[in-house]
file work_28.cif (mmCIF, C-alpha atoms)
data_protein
#
loop_
_atom_site.label_atom_id
_atom_site.label_comp_id
_atom_site.auth_asym_id
_atom_site.auth_seq_id
_atom_site.Cartn_x
_atom_site.Cartn_y
_atom_site.Cartn_z
CA MET A 2 0.00 0.00 0.00
CA LEU A 3 1.30 3.43 -0.86
CA ASP A 4 2.24 5.83 1.92
CA ILE A 5 -0.56 8.38 2.35
CA LYS A 6 1.96 10.89 3.70
CA LEU A 7 4.00 10.54 0.52
CA ILE A 8 0.85 11.01 -1.56
CA ARG A 9 0.03 14.22 0.31
CA GLU A 10 3.52 15.58 -0.12
CA ASP A 11 4.19 14.60 -3.73
CA ALA A 12 1.03 13.43 -5.52
CA GLY A 13 2.31 14.71 -8.86
CA ARG A 14 5.42 12.54 -8.72
CA ILE A 15 3.43 9.50 -7.56
CA ASN A 16 1.04 9.94 -10.50
CA GLU A 17 3.93 10.24 -12.91
CA LEU A 18 5.42 6.95 -11.70
CA LEU A 19 2.06 5.16 -11.71
CA LYS A 20 1.41 6.24 -15.29
CA ARG A 21 4.58 4.40 -16.28
CA ARG A 22 2.57 1.30 -15.39
CA ASN A 23 -0.74 2.38 -16.84
CA PRO A 24 -1.76 5.85 -18.14
CA GLU A 25 -5.11 5.54 -16.36
CA LEU A 26 -3.65 5.16 -12.87
CA SER A 27 -3.83 8.08 -10.43
CA VAL A 28 -3.97 8.88 -6.72
CA ASP A 29 -6.16 11.96 -7.22
CA ALA A 30 -9.28 10.27 -5.80
CA VAL A 31 -7.31 9.17 -2.73
CA LEU A 32 -6.11 12.72 -2.20
CA GLU A 33 -9.63 14.17 -2.54
CA ILE A 34 -10.95 11.83 0.13
CA ASP A 35 -7.94 12.54 2.33
CA VAL A 36 -8.55 16.30 2.19
CA GLU A 37 -12.21 15.83 3.16
CA ARG A 38 -11.37 13.32 5.89
CA ARG A 39 -8.78 15.59 7.49
CA LYS A 40 -11.19 18.52 7.35
CA ILE A 41 -13.81 16.50 9.21
CA GLN A 42 -11.18 15.29 11.67
CA THR A 43 -10.26 18.90 12.44
CA GLN A 44 -13.91 19.82 12.94
CA ALA A 45 -14.39 16.90 15.31
CA ASP A 46 -11.26 17.85 17.29
CA GLU A 47 -12.51 21.41 17.66
CA LEU A 48 -15.87 20.18 18.95
CA ARG A 49 -14.18 17.84 21.42
CA ALA A 50 -12.14 20.76 22.74
CA LYS A 51 -15.33 22.81 23.02
CA ARG A 52 -17.11 20.06 24.93
CA LYS A 53 -14.15 19.67 27.28
CA ALA A 54 -14.14 23.41 28.01
CA GLN A 55 -17.89 23.37 28.66
CA SER A 56 -17.53 20.50 31.10
CA LYS A 57 -15.25 22.62 33.28
CA GLY A 58 -17.83 25.41 33.66
CA ALA A 59 -21.14 25.60 35.47
CA ILE A 60 -23.44 22.79 34.36
CA ASP A 61 -27.08 23.82 34.09
CA ASP A 62 -29.86 22.46 31.90
CA ALA A 63 -28.96 24.73 29.00
CA ALA A 64 -25.28 23.67 29.21
CA ARG A 65 -26.25 20.01 29.33
CA ALA A 66 -28.45 20.42 26.26
CA GLN A 67 -25.66 22.19 24.42
CA MET A 68 -23.17 19.48 25.38
CA ARG A 69 -25.57 16.79 24.13
CA GLU A 70 -25.90 18.64 20.84
CA VAL A 71 -22.12 18.92 20.53
CA GLY A 72 -21.81 15.21 21.35
CA GLU A 73 -24.26 14.33 18.58
CA GLN A 74 -22.31 16.50 16.14
CA ILE A 75 -19.08 14.75 17.13
CA LYS A 76 -20.70 11.33 16.66
CA SER A 77 -21.96 12.29 13.21
CA LEU A 78 -18.51 13.55 12.19
CA GLU A 79 -16.82 10.40 13.55
CA GLU A 80 -19.17 8.20 11.54
CA LYS A 81 -18.44 10.21 8.40
CA GLU A 82 -14.70 10.04 9.13
CA THR A 83 -14.90 6.24 9.52
CA GLU A 84 -16.71 5.97 6.17
CA LEU A 85 -14.08 8.11 4.46
CA GLU A 86 -11.22 6.13 6.03
CA ALA A 87 -12.75 2.89 4.71
CA ALA A 88 -13.21 4.41 1.25
CA GLN A 89 -9.65 5.72 1.24
CA ARG A 90 -8.25 2.35 2.30
CA GLU A 91 -10.25 0.55 -0.39
CA LEU A 92 -8.80 2.86 -3.03
CA LEU A 93 -5.27 2.41 -1.70
CA LEU A 94 -5.61 -1.39 -1.66
CA ASN A 95 -6.42 -1.34 -5.38
CA ILE A 96 -3.55 0.94 -6.44
CA PRO A 97 -0.34 -0.90 -7.38
CA ASN A 98 3.12 -0.06 -6.12
CA ILE A 99 5.06 2.71 -7.82
CA PRO A 100 7.89 1.34 -9.97
CA ASP A 101 11.48 1.88 -8.97
CA GLU A 102 13.29 4.55 -10.97
CA THR A 103 15.55 1.83 -12.42
CA THR A 104 12.65 -0.28 -13.71
CA PRO A 105 12.56 -0.07 -17.53
CA ILE A 106 9.61 1.92 -18.86
CA GLY A 107 7.40 -0.02 -21.25
CA THR A 108 3.86 -0.69 -22.41
CA SER A 109 3.97 -4.50 -22.71
CA GLU A 110 6.19 -7.52 -22.02
CA SER A 111 7.90 -6.89 -25.35
CA ASP A 112 9.63 -3.96 -23.63
CA ASN A 113 11.29 -6.20 -21.03
CA VAL A 114 15.07 -5.91 -21.10
CA LEU A 115 17.45 -8.85 -21.50
CA ILE A 116 20.15 -8.66 -18.82
CA SER A 117 22.15 -11.85 -19.28
CA LEU A 118 22.24 -15.35 -20.76
CA TRP A 119 23.64 -18.50 -19.15
CA GLY A 120 24.28 -21.85 -20.78
CA GLU A 121 23.93 -23.05 -24.35
CA PRO A 122 20.31 -23.57 -25.48
CA ARG A 123 19.68 -27.03 -26.88
CA THR A 124 18.72 -27.11 -30.56
CA GLY A 125 17.67 -29.86 -32.93
CA GLU A 126 15.03 -32.46 -32.13
CA ALA A 127 12.67 -31.18 -29.48
CA VAL A 128 10.03 -33.36 -27.83
CA PRO A 129 7.44 -31.65 -25.59
CA HIS A 130 7.77 -32.56 -21.93
CA TRP A 131 4.15 -33.77 -21.78
CA ASP A 132 4.89 -36.34 -24.48
CA ILE A 133 8.07 -37.44 -22.71
CA ALA A 134 6.22 -37.70 -19.39
CA ALA A 135 3.38 -39.71 -20.91
CA GLU A 136 5.78 -42.04 -22.76
CA LYS A 137 7.70 -42.74 -19.55
CA GLY A 138 4.55 -43.08 -17.44
CA ILE A 139 5.85 -40.53 -14.92
CA VAL A 140 3.00 -38.00 -15.16
CA ASP A 141 -0.60 -39.19 -15.52
CA PHE A 142 -2.50 -36.29 -17.04
CA GLU A 143 -5.70 -38.17 -17.95
CA ARG A 144 -6.35 -39.80 -14.58
CA ALA A 145 -5.57 -36.53 -12.76
CA VAL A 146 -8.40 -34.91 -14.73
CA LYS A 147 -10.68 -37.85 -13.89
CA ILE A 148 -10.20 -37.42 -10.15
CA SER A 149 -10.01 -33.62 -10.22
CA GLN A 150 -10.43 -31.44 -13.31
CA SER A 151 -8.42 -30.05 -16.21
CA ARG A 152 -5.03 -28.46 -15.44
CA PHE A 153 -4.37 -30.74 -12.49
CA VAL A 154 -1.63 -33.37 -12.81
CA MET A 155 -0.51 -36.52 -11.01
CA TYR A 156 3.10 -37.69 -10.80
CA ARG A 157 3.85 -41.42 -10.68
CA GLY A 158 6.84 -43.65 -9.96
CA LYS A 159 10.10 -42.03 -10.94
CA GLY A 160 8.17 -38.88 -11.80
CA ALA A 161 6.97 -38.50 -8.20
CA ALA A 162 10.49 -39.30 -6.99
CA LEU A 163 12.00 -36.68 -9.31
CA GLU A 164 9.53 -34.02 -8.19
CA ARG A 165 10.32 -34.77 -4.53
CA ALA A 166 14.05 -34.80 -5.27
CA ILE A 167 13.87 -31.34 -6.83
CA VAL A 168 12.10 -30.00 -3.73
CA ASN A 169 14.69 -31.52 -1.39
CA PHE A 170 17.57 -30.27 -3.54
CA PHE A 171 16.26 -26.70 -3.46
CA LEU A 172 15.62 -26.75 0.28
CA GLU A 173 19.07 -28.12 1.09
CA GLN A 174 20.84 -25.65 -1.18
CA HIS A 175 18.97 -22.63 0.17
CA ALA A 176 19.46 -23.77 3.77
CA ALA A 177 23.20 -23.76 3.10
CA ALA A 178 22.82 -20.16 1.88
CA GLY A 179 21.30 -19.14 5.22
CA TYR A 180 17.56 -19.41 4.67
CA GLU A 181 15.43 -20.69 7.57
CA GLU A 182 13.09 -23.45 6.44
CA ILE A 183 9.42 -22.81 7.16
CA LEU A 184 6.58 -25.29 6.72
CA PRO A 185 3.56 -22.98 6.90
CA PRO A 186 -0.18 -23.65 6.74
CA PHE A 187 -1.32 -24.21 3.16
CA MET A 188 -4.51 -22.28 3.86
CA VAL A 189 -4.42 -18.58 4.71
CA ASN A 190 -6.98 -16.03 5.83
CA GLY A 191 -8.16 -12.91 4.04
CA ALA A 192 -5.95 -10.61 6.11
CA ALA A 193 -2.83 -12.49 5.01
CA MET A 194 -3.94 -12.40 1.37
CA THR A 195 -4.57 -8.68 1.65
CA GLY A 196 -1.21 -8.14 3.34
CA THR A 197 0.76 -9.44 0.37
CA GLY A 198 -1.52 -7.91 -2.27
CA GLN A 199 -3.49 -10.89 -3.62
CA LEU A 200 -6.70 -9.35 -2.27
CA PRO A 201 -8.76 -7.55 -3.28
CA LYS A 202 -7.23 -7.16 -6.75
CA PHE A 203 -6.85 -10.84 -7.72
CA LYS A 204 -9.78 -12.41 -5.87
CA GLU A 205 -11.04 -14.22 -8.98
CA ASP A 206 -7.74 -16.09 -9.32
CA MET A 207 -7.91 -17.60 -5.83
CA TYR A 208 -9.51 -20.75 -4.47
CA LYS A 209 -11.68 -19.86 -1.46
CA CYS A 210 -13.38 -21.99 1.18
CA GLU A 211 -16.80 -20.38 0.94
CA GLU A 212 -17.90 -21.13 4.51
CA GLU A 213 -14.70 -19.81 6.09
CA ASP A 214 -12.33 -16.89 5.69
CA LEU A 215 -9.69 -19.20 4.25
CA TYR A 216 -7.98 -19.43 0.87
CA LEU A 217 -5.70 -22.08 -0.59
CA ALA A 218 -2.31 -20.36 -0.67
CA PRO A 219 -1.42 -19.23 -4.21
CA THR A 220 2.24 -19.05 -3.17
CA ALA A 221 4.26 -19.49 0.03
CA GLU A 222 4.97 -15.76 -0.20
CA VAL A 223 1.58 -15.23 1.50
CA PRO A 224 1.99 -17.22 4.73
CA VAL A 225 5.74 -16.63 5.08
CA THR A 226 5.65 -12.84 4.59
CA ASN A 227 2.75 -12.57 7.06
CA ILE A 228 4.56 -14.44 9.83
CA TYR A 229 5.53 -11.05 11.26
CA SER A 230 2.36 -9.08 10.41
CA ASP A 231 1.37 -6.58 13.11
CA GLU A 232 4.76 -7.00 14.79
CA ILE A 233 7.68 -4.70 15.45
CA LEU A 234 11.06 -6.35 14.98
CA SER A 235 14.43 -5.09 16.13
CA GLU A 236 16.86 -3.90 13.48
CA ASN A 237 19.22 -6.51 14.94
CA ASP A 238 16.72 -9.18 13.79
CA LEU A 239 17.15 -8.13 10.17
CA PRO A 240 17.61 -9.29 7.53
CA LYS A 241 15.43 -12.36 7.86
CA TYR A 242 15.97 -15.07 5.25
CA MET A 243 13.15 -17.61 5.00
CA MET A 244 12.18 -20.34 2.55
CA ALA A 245 9.21 -22.64 2.25
CA TYR A 246 8.08 -25.53 0.13
CA THR A 247 4.33 -25.51 -0.49
CA PRO A 248 1.88 -26.60 -3.11
CA CYS A 249 0.41 -23.50 -4.77
CA PHE A 250 -3.19 -23.15 -5.94
CA ARG A 251 -4.35 -20.73 -8.62
CA ARG A 252 -7.53 -20.63 -10.64
CA GLU A 253 -5.71 -18.67 -13.38
CA ALA A 254 -9.06 -17.12 -14.33
CA GLY A 255 -7.44 -14.61 -16.66
CA SER A 256 -5.23 -17.06 -18.54
CA ALA A 257 -7.71 -19.13 -20.54
CA GLY A 258 -6.08 -20.67 -23.59
CA LYS A 259 -2.48 -20.13 -22.43
CA ASP A 260 -0.15 -23.13 -22.12
CA THR A 261 -3.04 -25.54 -21.77
CA ARG A 262 -0.83 -28.63 -22.18
CA GLY A 263 1.81 -29.92 -19.83
CA LEU A 264 3.20 -28.48 -16.61
CA ILE A 265 3.77 -24.83 -17.43
CA ARG A 266 0.40 -23.46 -16.33
CA VAL A 267 -1.61 -25.65 -13.96
CA HIS A 268 -3.99 -25.02 -11.08
CA GLN A 269 -1.84 -26.82 -8.48
CA PHE A 270 1.95 -26.86 -8.54
CA ASN A 271 4.86 -27.18 -6.15
CA LYS A 272 7.27 -24.36 -5.45
CA VAL A 273 10.10 -23.46 -3.10
CA GLU A 274 9.75 -19.77 -2.28
CA LEU A 275 12.43 -17.45 -0.93
CA VAL A 276 11.35 -14.53 1.26
CA LYS A 277 13.39 -11.76 2.84
CA LEU A 278 12.57 -9.01 5.33
CA CYS A 279 15.21 -6.30 5.48
CA THR A 280 15.88 -2.63 6.10
CA PRO A 281 15.27 -0.06 3.33
CA GLU A 282 19.01 0.64 3.23
CA THR A 283 19.89 -2.97 2.33
CA SER A 284 16.88 -3.64 0.13
CA ALA A 285 18.49 -3.32 -3.32
CA ALA A 286 21.50 -5.47 -2.38
CA GLU A 287 19.31 -8.16 -0.78
CA HIS A 288 17.17 -8.28 -3.93
CA GLU A 289 20.27 -8.96 -6.01
CA LYS A 290 21.42 -11.67 -3.59
CA LEU A 291 18.06 -13.44 -3.62
CA THR A 292 18.02 -13.41 -7.42
CA ALA A 293 21.55 -14.86 -7.47
CA ASP A 294 20.43 -17.62 -5.08
CA ALA A 295 17.64 -18.58 -7.48
CA GLU A 296 20.02 -18.43 -10.46
CA LYS A 297 22.42 -20.78 -8.72
CA MET A 298 19.75 -23.52 -8.78
CA LEU A 299 19.55 -23.33 -12.57
CA GLN A 300 23.31 -23.33 -12.89
CA LEU A 301 23.74 -26.38 -10.64
CA LEU A 302 21.09 -28.19 -12.67
CA GLU A 303 22.85 -27.16 -15.89
CA LEU A 304 19.67 -25.63 -17.33
CA PRO A 305 20.21 -22.76 -19.80
CA TYR A 306 18.35 -19.61 -18.79
CA ARG A 307 18.18 -15.88 -19.22
CA LYS A 308 17.71 -13.02 -16.77
CA VAL A 309 15.24 -10.32 -17.79
CA ALA A 310 14.35 -6.96 -16.22
CA LEU A 311 10.58 -6.59 -16.33
CA CYS A 312 9.30 -3.26 -17.60
CA THR A 313 6.77 -1.05 -15.81
CA ALA A 314 3.83 -2.63 -17.66
CA ASP A 315 4.83 -6.18 -16.74
CA ILE A 316 6.00 -6.07 -13.11
CA GLY A 317 3.72 -7.58 -10.49
CA PHE A 318 1.02 -5.53 -8.78
CA GLY A 319 2.96 -4.99 -5.54
CA ALA A 320 6.50 -4.98 -6.91
CA ASN A 321 8.64 -1.96 -7.64
CA LYS A 322 11.35 -3.94 -9.43
CA CYS A 323 11.49 -7.48 -10.76
CA TRP A 324 14.01 -9.82 -12.35
CA ASP A 325 12.50 -12.77 -14.23
CA LEU A 326 14.56 -15.91 -14.67
CA GLU A 327 13.43 -17.81 -17.76
CA VAL A 328 14.55 -21.37 -18.48
CA TRP A 329 15.17 -22.66 -22.01
CA MET A 330 12.41 -25.00 -23.23
CA PRO A 331 13.42 -26.70 -26.50
CA SER A 332 9.88 -27.66 -27.53
CA TYR A 333 8.82 -24.03 -27.37
CA ASN A 334 12.07 -22.89 -28.98
CA ASP A 335 11.87 -20.19 -26.34
CA TYR A 336 12.47 -19.32 -22.71
CA LYS A 337 9.74 -19.72 -20.08
CA GLU A 338 9.53 -17.98 -16.70
CA ILE A 339 10.69 -20.18 -13.83
CA SER A 340 11.20 -17.50 -11.17
CA SER A 341 10.15 -13.90 -10.59
CA CYS A 342 12.37 -12.20 -8.03
CA SER A 343 10.61 -9.08 -6.82
CA ASN A 344 11.39 -6.20 -4.51
CA TYR A 345 8.25 -4.75 -2.93
CA GLY A 346 9.87 -1.92 -0.98
CA ASP A 347 7.58 -1.16 1.97
CA TYR A 348 4.39 -1.77 -0.06
CA GLN A 349 3.52 -5.16 1.48
CA ALA A 350 4.85 -4.17 4.90
CA ARG A 351 2.38 -1.27 5.08
CA ARG A 352 -0.51 -3.56 4.18
CA ALA A 353 0.60 -6.26 6.65
CA ASN A 354 1.93 -3.78 9.23
CA ILE A 355 5.42 -5.26 9.54
CA ARG A 356 7.82 -2.80 11.19
CA PHE A 357 11.19 -2.66 12.86
CA LYS A 358 12.69 -0.38 15.49
CA ASP A 359 15.85 1.19 14.10
CA LYS A 360 18.97 2.11 16.06
CA ASP A 361 17.50 5.55 16.79
CA GLY A 362 14.40 3.98 18.34
CA LYS A 363 12.13 4.93 15.43
CA ASN A 364 9.57 2.43 14.15
CA ARG A 365 9.85 1.98 10.37
CA PHE A 366 8.40 -0.40 7.81
CA VAL A 367 10.59 -3.27 6.62
CA HIS A 368 11.16 -3.98 2.94
CA THR A 369 9.97 -7.34 1.62
CA ILE A 370 11.59 -9.34 -1.19
CA ASN A 371 10.62 -12.71 -2.60
CA GLY A 372 11.12 -15.05 -5.52
CA SER A 373 10.76 -18.66 -6.56
CA GLY A 374 13.77 -20.74 -5.81
CA LEU A 375 12.44 -22.39 -8.06
CA ALA A 376 9.04 -23.43 -9.43
CA VAL A 377 9.32 -27.21 -9.16
CA GLY A 378 6.99 -28.37 -11.94
CA ARG A 379 8.61 -26.09 -14.48
CA THR A 380 12.03 -27.35 -13.37
CA PHE A 381 10.75 -30.91 -13.87
CA ALA A 382 9.54 -30.01 -17.38
CA ALA A 383 12.82 -28.28 -18.26
CA ILE A 384 14.84 -31.32 -17.17
CA LEU A 385 12.76 -33.64 -19.35
CA GLU A 386 13.18 -31.48 -22.43
CA ASN A 387 16.82 -30.49 -21.95
CA PHE A 388 18.16 -33.87 -20.80
CA ARG A 389 16.30 -36.18 -23.17
CA GLN A 390 18.71 -38.28 -25.23
CA SER A 391 18.33 -39.48 -28.82
CA ASP A 392 17.31 -42.95 -27.60
CA GLY A 393 14.50 -41.47 -25.51
CA THR A 394 16.31 -41.82 -22.18
CA VAL A 395 16.15 -38.81 -19.86
CA LEU A 396 19.32 -38.27 -17.88
CA ILE A 397 19.08 -36.85 -14.36
CA PRO A 398 21.29 -33.80 -13.72
CA GLN A 399 24.28 -34.85 -11.66
CA ALA A 400 23.40 -32.45 -8.83
CA LEU A 401 20.07 -34.26 -8.37
CA GLN A 402 21.23 -37.86 -8.48
CA LYS A 403 21.89 -38.23 -4.77
CA TYR A 404 18.30 -37.11 -4.15
CA THR A 405 16.67 -39.34 -6.78
CA GLY A 406 18.75 -42.47 -6.24
CA PHE A 407 18.77 -43.02 -10.01
CA ASP A 408 20.63 -41.35 -12.87
CA LYS A 409 18.17 -41.74 -15.72
CA ILE A 410 14.56 -42.43 -16.63
#

call {"tool": "encode", "arguments": {"input": "work_28.cif", "output": "structure tokens"}}
result
Amino acid sequence: MLDIKLIREDAGRINELLKRRNPELSVDAVLEIDVERRKIQTQADELRAKRKAQSKGAIDDAARAQMREVGEQIKSLEEKETELEAAQRELLLNIPNIPDETTPIGTSESDNVLISLWGEPRTGEAVPHWDIAAEKGIVDFERAVKISQSRFVMYRGKGAALERAIVNFFLEQHAAAGYEEILPPFMVNGAAMTGTGQLPKFKEDMYKCEEEDLYLAPTAEVPVTNIYSDEILSENDLPKYMMAYTPCFRREAGSAGKDTRGLIRVHQFNKVELVKLCTPETSAAEHEKLTADAEKMLQLLELPYRKVALCTADIGFGANKCWDLEVWMPSYNDYKEISSCSNYGDYQARRANIRFKDKDGKNRFVHTINGSGLAVGRTFAAILENFRQSDGTVLIPQALQKYTGFDKI
């Protein structure tokens, strides 16, 4: 959520940055409500002072009547102020973060900027991972649909073992890099979803338990970031490095027709998420470190990838800067996103109320950073396509073999 104080002080600059995302975005409506709300607040304060002064004088029937009238006026103003506060908050919750000055300006994903390439993309014969998986009997797409619905998958045999091995590999590697492992609830409440920005903006993409205020977590970012909601940490506690394996659930309501086959876009998938809480002063450096930690997974698995800076039109709703890591997929003859490493500044921390007490004793909002380290199903798919041999055998990357217990499928 944007800082209302910053909006008051520099609305023009905020609007300029928001329009880099979308020309229709503005904080003008927020500012109009804020002006009215503060005016009413001042009026209410003046009436409270008046009532307090009256209470110190002689109290006769006329004074009592006047005090009752003042009290009713105060109550009416307080109700109006509460309504305006709710309206202002609703507007703020639906306004995205302002992009960082270093985020490339663009109008679509075609304006994203290539930063670097790693590895040599495989060329020549390319077999889609869904065909490889079906041939090997390691992913059962048809029976998953039978027991669930389309875009759900079921791993079998060595496929299930490979998926589990990838998870364990990621967790062990990131633990060695200093991340605390978290195993959070897989269901989260509305406050947690609002804290990280999934609600109210993306409500239609979420799976909700209708009789309870609970959602299936769309990413471990939600429960892990909210661990410290409504808390004040010490600066000595920062930075906090956390990671979590969870299944992730997304209805993907706005993605009909995209990547309908295989493992690239499904309603339930596994992911190891990296989350950091840090001070504003270390935010940029911690973002770079987290991205490098995710990149290391691709390098150890010997999967070619590229690093891309997302432009202002393509960064996530709450992010101010984002690096996408995209793995080479031979059957697409293209790169596909496998991790988005985002810096949110204090945007999520304001929504979730996560603060720290600095060395001067001042309470400030932390900065939050997160990224996939990595998406497991997409890693699985990339291994099948990049390590398939001419005889149909799929080799297991050497770094994974101690986790799988086998070296080929």

call {"tool": "closest_residue", "arguments": {"input": "work_28.cif", "among": "A:Asp359, A:Glu136, A:Asp101, A:Asp35", "to": "Glu17 (chain A)", "atoms": "all atoms listed in the file"}}
result
A:Asp101

call {"tool": "atom_distance", "arguments": {"input": "work_28.cif", "atom1": "CA of Val140 (chain A)", "atom2": "CA of Phe187 (chain A)"}}
result
23.3 Å

call {"tool": "atom_distance", "arguments": {"input": "work_28.cif", "atom1": "CA of Ile410 (chain A)", "atom2": "CA of Arg123 (chain A)"}}
result
19.2 Å

call {"tool": "resolve_selection", "arguments": {"input": "work_28.cif", "expression": "the PyMOL selection byres ((chain A and resi 168-181) around 8)", "output": "JSON, numbers by chain"}}
result
{"A": [164, 165, 166, 167, 182, 183, 242, 243, 244, 245, 246, 272, 273, 275, 294, 298, 374, 375, 377, 401, 404]}

call {"tool": "write_last_selection", "arguments": {"input": "work_28.cif", "atoms": "C-alpha atoms", "output": "CSV table (one decimal), in the frame of the given file"}}
result
chain,number,residue,atom,x,y,z
A,164,GLU,CA,9.5,-34.0,-8.2
A,165,ARG,CA,10.3,-34.8,-4.5
A,166,ALA,CA,14.0,-34.8,-5.3
A,167,ILE,CA,13.9,-31.3,-6.8
A,182,GLU,CA,13.1,-23.4,6.4
A,183,ILE,CA,9.4,-22.8,7.2
A,242,TYR,CA,16.0,-15.1,5.2
A,243,MET,CA,13.2,-17.6,5.0
A,244,MET,CA,12.2,-20.3,2.6
A,245,ALA,CA,9.2,-22.6,2.2
A,246,TYR,CA,8.1,-25.5,0.1
A,272,LYS,CA,7.3,-24.4,-5.4
A,273,VAL,CA,10.1,-23.5,-3.1
A,275,LEU,CA,12.4,-17.4,-0.9
A,294,ASP,CA,20.4,-17.6,-5.1
A,298,MET,CA,19.8,-23.5,-8.8
A,374,GLY,CA,13.8,-20.7,-5.8
A,375,LEU,CA,12.4,-22.4,-8.1
A,377,VAL,CA,9.3,-27.2,-9.2
A,401,LEU,CA,20.1,-34.3,-8.4
A,404,TYR,CA,18.3,-37.1,-4.2

call {"tool": "closest_residue", "arguments": {"input": "work_28.cif", "among": "A:Lys290, A:Ile99, A:Gly158, A:Lys76", "to": "Thr405 (chain A)", "atoms": "only C-alpha atoms"}}
result
A:Gly158

call {"tool": "residues_around", "arguments": {"input": "work_28.cif", "residues": "region 336-346 of chain A", "least_positions_apart": "5", "cutoff": "8 Å", "atoms": "all atoms listed in the file", "output": "VMD selection string"}}
result
chain A and resid 98 281 284 to 285 288 291 to 292 295 306 to 307 317 319 to 330 367 to 376 379 to 380

call {"tool": "write_last_selection", "arguments": {"input": "work_28.cif", "atoms": "C-alpha atoms", "output": "mmCIF file, keeping the file's coordinate frame"}}
result
data_model
loop_
_atom_site.group_PDB
_atom_site.id
_atom_site.type_symbol
_atom_site.label_atom_id
_atom_site.label_comp_id
_atom_site.auth_asym_id
_atom_site.auth_seq_id
_atom_site.Cartn_x
_atom_site.Cartn_y
_atom_site.Cartn_z
ATOM 1 C CA ASN A 98 3.120 -0.060 -6.120
ATOM 2 C CA PRO A 281 15.270 -0.060 3.330
ATOM 3 C CA SER A 284 16.880 -3.640 0.130
ATOM 4 C CA ALA A 285 18.490 -3.320 -3.320
ATOM 5 C CA HIS A 288 17.170 -8.280 -3.930
ATOM 6 C CA LEU A 291 18.060 -13.440 -3.620
ATOM 7 C CA THR A 292 18.020 -13.410 -7.420
ATOM 8 C CA ALA A 295 17.640 -18.580 -7.480
ATOM 9 C CA TYR A 306 18.350 -19.610 -18.790
ATOM 10 C CA ARG A 307 18.180 -15.880 -19.220
ATOM 11 C CA GLY A 317 3.720 -7.580 -10.490
ATOM 12 C CA GLY A 319 2.960 -4.990 -5.540
ATOM 13 C CA ALA A 320 6.500 -4.980 -6.910
ATOM 14 C CA ASN A 321 8.640 -1.960 -7.640
ATOM 15 C CA LYS A 322 11.350 -3.940 -9.430
ATOM 16 C CA CYS A 323 11.490 -7.480 -10.760
ATOM 17 C CA TRP A 324 14.010 -9.820 -12.350
ATOM 18 C CA ASP A 325 12.500 -12.770 -14.230
ATOM 19 C CA LEU A 326 14.560 -15.910 -14.670
ATOM 20 C CA GLU A 327 13.430 -17.810 -17.760
ATOM 21 C CA VAL A 328 14.550 -21.370 -18.480
ATOM 22 C CA TRP A 329 15.170 -22.660 -22.010
ATOM 23 C CA MET A 330 12.410 -25.000 -23.230
ATOM 24 C CA VAL A 367 10.590 -3.270 6.620
ATOM 25 C CA HIS A 368 11.160 -3.980 2.940
ATOM 26 C CA THR A 369 9.970 -7.340 1.620
ATOM 27 C CA ILE A 370 11.590 -9.340 -1.190
ATOM 28 C CA ASN A 371 10.620 -12.710 -2.600
ATOM 29 C CA GLY A 372 11.120 -15.050 -5.520
ATOM 30 C CA SER A 373 10.760 -18.660 -6.560
ATOM 31 C CA GLY A 374 13.770 -20.740 -5.810
ATOM 32 C CA LEU A 375 12.440 -22.390 -8.060
ATOM 33 C CA ALA A 376 9.040 -23.430 -9.430
ATOM 34 C CA ARG A 379 8.610 -26.090 -14.480
ATOM 35 C CA THR A 380 12.030 -27.350 -13.370
#

call {"tool": "resolve_selection", "arguments": {"input": "work_28.cif", "expression": "the PyMOL selection byres ((chain A and resi 121) around 6)", "output": "PDB file with C-alpha atoms, keeping the file's coordinate frame"}}
result
ATOM      1  CA  GLY A 120      24.280 -21.850 -20.780  1.00  0.00           C
ATOM      2  CA  PRO A 122      20.310 -23.570 -25.480  1.00  0.00           C
ATOM      3  CA  PRO A 305      20.210 -22.760 -19.800  1.00  0.00           C
TER       4      PRO A 305
END

call {"tool": "resolve_selection", "arguments": {"input": "work_28.cif", "expression": "the PyMOL selection byres ((chain A and resi 332) around 9)", "output": "compact mmCIF listing (two decimals) with C-alpha atoms, in the coordinates of the input"}}
result
# COMPACT_ATOMS: atom_id res chain seq x y z
CA GLU A 126 15.03 -32.46 -32.13
CA ALA A 127 12.67 -31.18 -29.48
CA VAL A 128 10.03 -33.36 -27.83
CA PRO A 129 7.44 -31.65 -25.59
CA HIS A 130 7.77 -32.56 -21.93
CA MET A 330 12.41 -25.00 -23.23
CA PRO A 331 13.42 -26.70 -26.50
CA TYR A 333 8.82 -24.03 -27.37
CA ASN A 334 12.07 -22.89 -28.98
CA ASP A 335 11.87 -20.19 -26.34
CA GLU A 386 13.18 -31.48 -22.43

call {"tool": "closest_residue", "arguments": {"input": "work_28.cif", "among": "A:Met2, A:Ala54, A:Cys312, A:Ala135", "to": "Arg352 (chain A)", "atoms": "all atoms listed in the file"}}
result
A:Met2

call {"tool": "residues_near_point", "arguments": {"input": "work_28.cif", "point": "(5.3, -7.1, 11.9)", "cutoff": "6 Å", "atoms": "only C-alpha atoms", "output": "PyMOL selection string"}}
result
chain A and resi 229-233+354-356

call {"tool": "residues_near_point", "arguments": {"input": "work_28.cif", "point": "(-3.4, 4.7, -10.8)", "cutoff": "9 Å", "atoms": "all atoms listed in the file", "output": "PyMOL selection string"}}
result
chain A and resi 15-16+19-20+22-29+95-97

call {"tool": "atom_distance", "arguments": {"input": "work_28.cif", "atom1": "CA of Ala350 (chain A)", "atom2": "CA of Glu274 (chain A)"}}
result
17.9 Å
